[in-house]
Structures are given as structure tokens and as C-alpha cells.
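Novice: Supplied structure: upload.pdb, PDB, C-alpha atoms and all ligand atoms.
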```pdb
ATOM      1  CA  VAL A   1     192.793 -54.739 -49.198  1.00  0.00           C
ATOM      2  CA  ILE A   2     196.280 -56.285 -49.416  1.00  0.00           C
ATOM      3  CA  CYS A   3     199.346 -55.186 -51.400  1.00  0.00           C
ATOM      4  CA  PRO A   4     200.041 -57.736 -54.192  1.00  0.00           C
ATOM      5  CA  ARG A   5     203.818 -57.508 -53.685  1.00  0.00           C
ATOM      6  CA  CYS A   6     204.581 -57.244 -49.977  1.00  0.00           C
ATOM      7  CA  LYS A   7     201.266 -58.654 -48.700  1.00  0.00           C
ATOM      8  CA  GLU A   8     200.977 -55.754 -46.276  1.00  0.00           C
ATOM      9  CA  GLU A   9     197.510 -54.487 -45.496  1.00  0.00           C
ATOM     10  CA  ILE A  10     196.715 -51.155 -47.143  1.00  0.00           C
ATOM     11  CA  PRO A  11     194.648 -48.849 -44.896  1.00  0.00           C
ATOM     12  CA  PRO A  12     191.068 -48.138 -46.159  1.00  0.00           C
ATOM     13  CA  GLY A  13     191.870 -44.461 -46.946  1.00  0.00           C
ATOM     14  CA  ALA A  14     195.050 -45.121 -48.943  1.00  0.00           C
ATOM     15  CA  GLU A  15     194.919 -45.841 -52.696  1.00  0.00           C
ATOM     16  CA  VAL A  16     198.344 -47.494 -52.980  1.00  0.00           C
ATOM     17  CA  CYS A  17     200.764 -49.410 -50.736  1.00  0.00           C
ATOM     18  CA  ALA A  18     203.015 -47.051 -48.758  1.00  0.00           C
ATOM     19  CA  LEU A  19     206.047 -49.300 -49.369  1.00  0.00           C
ATOM     20  CA  CYS A  20     205.632 -50.446 -53.001  1.00  0.00           C
ATOM     21  CA  ASP A  21     203.369 -47.697 -54.463  1.00  0.00           C
ATOM     22  CA  LEU A  22     201.123 -50.444 -55.898  1.00  0.00           C
ATOM     23  CA  PRO A  23     197.322 -50.479 -55.815  1.00  0.00           C
ATOM     24  CA  GLY A  24     195.951 -53.076 -53.452  1.00  0.00           C
ATOM     25  CA  ALA A  25     194.053 -56.193 -54.460  1.00  0.00           C
ATOM     26  CA  ALA A  26     191.477 -57.992 -52.376  1.00  0.00           C
ATOM     27  CA  PRO A  27     192.801 -61.530 -51.790  1.00  0.00           C
ATOM     28  CA  GLU A  28     189.342 -63.074 -52.429  1.00  0.00           C
ATOM     29  CA  VAL A  29     189.182 -61.613 -55.948  1.00  0.00           C
ATOM     30  CA  GLN A  30     191.802 -64.039 -57.261  1.00  0.00           C
ATOM     31  CA  ASP A  31     189.929 -66.905 -58.902  1.00  0.00           C
ATOM     32  CA  SER A  32     191.150 -70.319 -57.857  1.00  0.00           C
ATOM     33  CA  GLY A  33     190.520 -71.509 -61.422  1.00  0.00           C
ATOM     34  CA  VAL A  34     189.649 -74.971 -62.673  1.00  0.00           C
ATOM     35  CA  MET A  35     191.393 -76.736 -59.796  1.00  0.00           C
ATOM     36  CA  GLY A  36     189.350 -74.667 -57.354  1.00  0.00           C
ATOM     37  CA  ALA A  37     186.165 -75.961 -58.967  1.00  0.00           C
ATOM     38  CA  ILE A  38     187.256 -79.565 -58.467  1.00  0.00           C
ATOM     39  CA  ILE A  39     188.937 -79.149 -55.083  1.00  0.00           C
ATOM     40  CA  PRO A  40     187.609 -76.110 -53.184  1.00  0.00           C
ATOM     41  CA  THR A  41     190.949 -75.160 -51.632  1.00  0.00           C
ATOM     42  CA  LYS A  42     189.527 -71.793 -50.556  1.00  0.00           C
ATOM     43  CA  ASN A  43     186.585 -73.428 -48.806  1.00  0.00           C
ATOM     44  CA  SER A  44     188.188 -75.774 -46.283  1.00  0.00           C
ATOM     45  CA  LYS A  45     184.916 -76.208 -44.382  1.00  0.00           C
ATOM     46  CA  ALA A  46     183.132 -77.541 -47.473  1.00  0.00           C
ATOM     47  CA  LEU A  47     186.110 -79.797 -48.244  1.00  0.00           C
ATOM     48  CA  LEU A  48     186.219 -81.106 -44.670  1.00  0.00           C
ATOM     49  CA  ALA A  49     182.438 -81.601 -44.702  1.00  0.00           C
ATOM     50  CA  TYR A  50     182.822 -83.662 -47.876  1.00  0.00           C
ATOM     51  CA  TYR A  51     185.430 -85.997 -46.357  1.00  0.00           C
ATOM     52  CA  LEU A  52     183.604 -86.280 -43.019  1.00  0.00           C
ATOM     53  CA  GLY A  53     180.392 -87.010 -44.940  1.00  0.00           C
ATOM     54  CA  VAL A  54     182.097 -89.801 -46.880  1.00  0.00           C
ATOM     55  CA  PHE A  55     183.622 -91.293 -43.688  1.00  0.00           C
ATOM     56  CA  SER A  56     180.306 -91.017 -41.833  1.00  0.00           C
ATOM     57  CA  ILE A  57     179.232 -94.101 -43.828  1.00  0.00           C
ATOM     58  CA  ILE A  58     181.467 -96.145 -41.459  1.00  0.00           C
ATOM     59  CA  PRO A  59     179.425 -97.524 -38.526  1.00  0.00           C
ATOM     60  CA  CYS A  60     180.212 -96.507 -34.899  1.00  0.00           C
ATOM     61  CA  ILE A  61     182.404 -93.492 -35.774  1.00  0.00           C
ATOM     62  CA  GLY A  62     179.825 -92.394 -38.361  1.00  0.00           C
ATOM     63  CA  SER A  63     177.534 -90.792 -35.785  1.00  0.00           C
ATOM     64  CA  PRO A  64     179.829 -87.908 -34.644  1.00  0.00           C
ATOM     65  CA  LEU A  65     181.428 -87.625 -38.129  1.00  0.00           C
ATOM     66  CA  GLY A  66     178.024 -87.286 -39.767  1.00  0.00           C
ATOM     67  CA  ILE A  67     176.917 -84.561 -37.366  1.00  0.00           C
ATOM     68  CA  ALA A  68     180.237 -82.716 -37.870  1.00  0.00           C
ATOM     69  CA  ALA A  69     179.908 -83.060 -41.662  1.00  0.00           C
ATOM     70  CA  PHE A  70     176.366 -81.684 -41.528  1.00  0.00           C
ATOM     71  CA  VAL A  71     177.384 -78.624 -39.467  1.00  0.00           C
ATOM     72  CA  LEU A  72     180.548 -77.947 -41.509  1.00  0.00           C
ATOM     73  CA  GLY A  73     178.578 -78.457 -44.734  1.00  0.00           C
ATOM     74  CA  LEU A  74     176.103 -75.747 -43.738  1.00  0.00           C
ATOM     75  CA  GLN A  75     178.978 -73.394 -42.846  1.00  0.00           C
ATOM     76  CA  GLY A  76     180.768 -74.218 -46.114  1.00  0.00           C
ATOM     77  CA  LEU A  77     177.590 -73.594 -48.092  1.00  0.00           C
ATOM     78  CA  LYS A  78     177.141 -70.217 -46.393  1.00  0.00           C
ATOM     79  CA  LEU A  79     180.739 -69.301 -47.266  1.00  0.00           C
ATOM     80  CA  ALA A  80     180.280 -70.417 -50.894  1.00  0.00           C
ATOM     81  CA  LYS A  81     177.144 -68.273 -51.175  1.00  0.00           C
ATOM     82  CA  SER A  82     178.746 -65.156 -49.653  1.00  0.00           C
ATOM     83  CA  ASN A  83     181.910 -65.584 -51.748  1.00  0.00           C
ATOM     84  CA  PRO A  84     181.248 -67.411 -55.075  1.00  0.00           C
ATOM     85  CA  LEU A  85     184.980 -67.645 -55.767  1.00  0.00           C
ATOM     86  CA  ALA A  86     185.422 -69.770 -52.648  1.00  0.00           C
ATOM     87  CA  LYS A  87     183.543 -72.551 -54.494  1.00  0.00           C
ATOM     88  CA  GLY A  88     182.784 -75.838 -52.734  1.00  0.00           C
ATOM     89  CA  THR A  89     178.967 -75.770 -53.018  1.00  0.00           C
ATOM     90  CA  VAL A  90     178.911 -79.364 -54.308  1.00  0.00           C
ATOM     91  CA  HIS A  91     181.332 -80.546 -51.600  1.00  0.00           C
ATOM     92  CA  ALA A  92     179.258 -78.770 -48.933  1.00  0.00           C
ATOM     93  CA  TRP A  93     176.066 -80.437 -50.183  1.00  0.00           C
ATOM     94  CA  VAL A  94     177.712 -83.870 -50.223  1.00  0.00           C
ATOM     95  CA  GLY A  95     178.712 -83.278 -46.589  1.00  0.00           C
ATOM     96  CA  ILE A  96     175.218 -82.079 -45.636  1.00  0.00           C
ATOM     97  CA  VAL A  97     173.393 -84.942 -47.390  1.00  0.00           C
ATOM     98  CA  LEU A  98     175.739 -87.812 -46.457  1.00  0.00           C
ATOM     99  CA  GLY A  99     176.437 -86.426 -42.990  1.00  0.00           C
ATOM    100  CA  GLY A 100     172.749 -85.729 -42.404  1.00  0.00           C
ATOM    101  CA  ILE A 101     171.624 -89.200 -43.493  1.00  0.00           C
ATOM    102  CA  PHE A 102     174.347 -91.273 -41.825  1.00  0.00           C
ATOM    103  CA  GLY A 103     174.735 -89.017 -38.781  1.00  0.00           C
ATOM    104  CA  LEU A 104     171.015 -89.427 -38.108  1.00  0.00           C
ATOM    105  CA  LEU A 105     171.011 -93.124 -39.024  1.00  0.00           C
ATOM    106  CA  TRP A 106     173.887 -94.074 -36.681  1.00  0.00           C
ATOM    107  CA  THR A 107     172.624 -91.803 -33.886  1.00  0.00           C
ATOM    108  CA  VAL A 108     169.158 -93.386 -34.113  1.00  0.00           C
ATOM    109  CA  GLY A 109     170.842 -96.814 -34.295  1.00  0.00           C
ATOM    110  CA  ILE A 110     172.810 -96.130 -31.095  1.00  0.00           C
ATOM    111  CA  VAL A 111     169.678 -94.826 -29.307  1.00  0.00           C
ATOM    112  CA  VAL A 112     167.660 -97.875 -30.453  1.00  0.00           C
ATOM    113  CA  ALA A 113     170.472-100.209 -29.291  1.00  0.00           C
ATOM    114  CA  ILE A 114     170.619 -98.505 -25.871  1.00  0.00           C
ATOM    115  CA  VAL A 115     166.811 -98.490 -25.495  1.00  0.00           C
ATOM    116  CA  GLY A 116     166.711-102.133 -26.619  1.00  0.00           C
ATOM    117  CA  ALA A 117     169.392-103.095 -24.081  1.00  0.00           C
ATOM    118  CA  VAL A 118     167.621-101.194 -21.281  1.00  0.00           C
ATOM    119  CA  ALA A 119     164.229-102.704 -22.209  1.00  0.00           C
ATOM    120  CA  LYS A 120     165.689-106.226 -21.830  1.00  0.00           C
ATOM    121  CA  GLU A 121     166.729-105.578 -18.215  1.00  0.00           C
TER     122      GLU A 121
HETATM  123 ZN    ZN B   1     203.471 -53.223 -50.677  1.00  0.00          ZN
END
```
Starting from the file, give its structure as C-alpha cells.
Ligand SMILES: [Zn+2]
Specialist:
Amino acid sequence: VICPRCKEEIPPGAEVCALCDLPGAAPEVQDSGVMGAIIPTKNSKALLAYYLGVFSIIPCIGSPLGIAAFVLGLQGLKLAKSNPLAKGTVHAWVGIVLGGIFGLLWTVGIVVAIVGAVAKE
């Protein structure tokens, strides 16, 4: 619980802030509003997963980006579920799906290319 004025943490036993005499407010309770629904500013993992997922379409760098997007997407989805106000479920899913598909595709592509090159020897 954090004081809305001085941002000091209010101890669990205390009802009000010792400095301002104000009741505390949990920082997560504040709804990020319409903008938060479009851009999940409170769910940076989901947002990052989204961008990494989109960039994982690019060959060569897509393999590590896709894997990172997949992992971050799962973490972002977990955060969105535990705290609905964090939002970012859609962004997390985009990261999981795009990252999962392209991460796997490029990784398989690299493995096939290596195996193909070795087989020619
Ligand atoms: Zn205070």
C-alpha cells in the first residue's frame, strides 16, 4: 500500500500515511484507461513480446527474437491474468503466436541448413 501524495509505503498495520494522514492506495488499482487497453503500458513484458514477435518475421535475427517473444509473451500473459488492470493479453498472445511460429521456423531452418551443409561434406 502506497500513500497517494508522498508515495511513501504505508506499513501493513497502519490505516493512514504517517506523514500526510491519508489512506493508502494500492498502485495497481489505478486503471490505465483506454490507452492502457491499446498500449499495455503496465505490462511491459507483453508489449515487448508483441514487438519481438513482429520483428521475429525477419530472417536470421528472427530465431532468437521469436524465442524471446514466446517466453516474454507467456510471462506477460501470466501477469495479465494475475492483474487484469495490467492488460496486454492481446499483445502477449501476438508475441506467443508470432514468436512461436517464426522462432520455430527460423530455428528449424538454421538446423536444416547446418545439417544440409554437413551432409554435403
Ligand atoms: Zn504520505
Novice: Could you check the closest approach to ligand ZN 1 (chain B) for each of A:Val1, A:Cys20, A:Ala117, A:Leu65 and tell me which residue wins, using all atoms listed in the file?
Specialist: A:Cys20
Novice: Name each residue within 10 Å of ligand ZN 1 (chain B), counting only C-alpha atoms and all ligand atoms, as an mmCIF file with C-alpha atoms, keeping the file's coordinate frame.
Specialist:
```cif
data_model
loop_
_atom_site.group_PDB
_atom_site.id
_atom_site.type_symbol
_atom_site.label_atom_id
_atom_site.label_comp_id
_atom_site.auth_asym_id
_atom_site.auth_seq_id
_atom_site.Cartn_x
_atom_site.Cartn_y
_atom_site.Cartn_z
ATOM 1 C CA ILE A 2 196.280 -56.285 -49.416
ATOM 2 C CA CYS A 3 199.346 -55.186 -51.400
ATOM 3 C CA PRO A 4 200.041 -57.736 -54.192
ATOM 4 C CA ARG A 5 203.818 -57.508 -53.685
ATOM 5 C CA CYS A 6 204.581 -57.244 -49.977
ATOM 6 C CA LYS A 7 201.266 -58.654 -48.700
ATOM 7 C CA GLU A 8 200.977 -55.754 -46.276
ATOM 8 C CA GLU A 9 197.510 -54.487 -45.496
ATOM 9 C CA ILE A 10 196.715 -51.155 -47.143
ATOM 10 C CA VAL A 16 198.344 -47.494 -52.980
ATOM 11 C CA CYS A 17 200.764 -49.410 -50.736
ATOM 12 C CA ALA A 18 203.015 -47.051 -48.758
ATOM 13 C CA LEU A 19 206.047 -49.300 -49.369
ATOM 14 C CA CYS A 20 205.632 -50.446 -53.001
ATOM 15 C CA ASP A 21 203.369 -47.697 -54.463
ATOM 16 C CA LEU A 22 201.123 -50.444 -55.898
ATOM 17 C CA PRO A 23 197.322 -50.479 -55.815
ATOM 18 C CA GLY A 24 195.951 -53.076 -53.452
#
```
Novice: Check what the PyMOL selection byres (((chain A and resi 67) around 8) and not hetatm) selects in the file above and give those residues as a compact mmCIF listing (two decimals) with C-alpha atoms, in the coordinates of the input.
Specialist:
```
# COMPACT_ATOMS: atom_id res chain seq x y z
CA SER A 63 177.53 -90.79 -35.78
CA PRO A 64 179.83 -87.91 -34.64
CA LEU A 65 181.43 -87.62 -38.13
CA GLY A 66 178.02 -87.29 -39.77
CA ALA A 68 180.24 -82.72 -37.87
CA ALA A 69 179.91 -83.06 -41.66
CA PHE A 70 176.37 -81.68 -41.53
CA VAL A 71 177.38 -78.62 -39.47
CA GLY A 99 176.44 -86.43 -42.99
CA GLY A 100 172.75 -85.73 -42.40
CA GLY A 103 174.74 -89.02 -38.78
CA LEU A 104 171.02 -89.43 -38.11
```
Novice: Which residues fall under the PyMOL selection byres (((chain A and resi 48) around 10) and not hetatm) in this file, as a ChimeraX atom specification?
Specialist: /A:40,43-47,49-54,68-69,72-73,76,91-92,95
Novice: Write to file, as a PDB file, in the frame of the given file, the residues of the selection just made, with C-alpha atoms.
Specialist:
```
ATOM      1  CA  PRO A  40     187.609 -76.110 -53.184  1.00  0.00           C
ATOM      2  CA  ASN A  43     186.585 -73.428 -48.806  1.00  0.00           C
ATOM      3  CA  SER A  44     188.188 -75.774 -46.283  1.00  0.00           C
ATOM      4  CA  LYS A  45     184.916 -76.208 -44.382  1.00  0.00           C
ATOM      5  CA  ALA A  46     183.132 -77.541 -47.473  1.00  0.00           C
ATOM      6  CA  LEU A  47     186.110 -79.797 -48.244  1.00  0.00           C
ATOM      7  CA  ALA A  49     182.438 -81.601 -44.702  1.00  0.00           C
ATOM      8  CA  TYR A  50     182.822 -83.662 -47.876  1.00  0.00           C
ATOM      9  CA  TYR A  51     185.430 -85.997 -46.357  1.00  0.00           C
ATOM     10  CA  LEU A  52     183.604 -86.280 -43.019  1.00  0.00           C
ATOM     11  CA  GLY A  53     180.392 -87.010 -44.940  1.00  0.00           C
ATOM     12  CA  VAL A  54     182.097 -89.801 -46.880  1.00  0.00           C
ATOM     13  CA  ALA A  68     180.237 -82.716 -37.870  1.00  0.00           C
ATOM     14  CA  ALA A  69     179.908 -83.060 -41.662  1.00  0.00           C
ATOM     15  CA  LEU A  72     180.548 -77.947 -41.509  1.00  0.00           C
ATOM     16  CA  GLY A  73     178.578 -78.457 -44.734  1.00  0.00           C
ATOM     17  CA  GLY A  76     180.768 -74.218 -46.114  1.00  0.00           C
ATOM     18  CA  HIS A  91     181.332 -80.546 -51.600  1.00  0.00           C
ATOM     19  CA  ALA A  92     179.258 -78.770 -48.933  1.00  0.00           C
ATOM     20  CA  GLY A  95     178.712 -83.278 -46.589  1.00  0.00           C
TER      21      GLY A  95
END
```
Novice: CA of Leu74 (chain A) and CA of Ile58 (chain A), how far apart in Å?
Specialist: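 We find that CA of Ile58 (chain A) and CA of Leu74 (chain A) lie 21.2 Å from each other.
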Novice: CA of Lys42 (chain A) to CA of Trp93 (chain A): how many Å, to one decimal?
Specialist: 16.0 Å
Novice: Please, what distance in Å, to one decimal, runs between CA of Cys60 (chain A) and CA of Ile110 (chain A)?
Specialist: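 According to the coordinates, CA of Cys60 (chain A) and CA of Ile110 (chain A) are separated by 8.3 Å.
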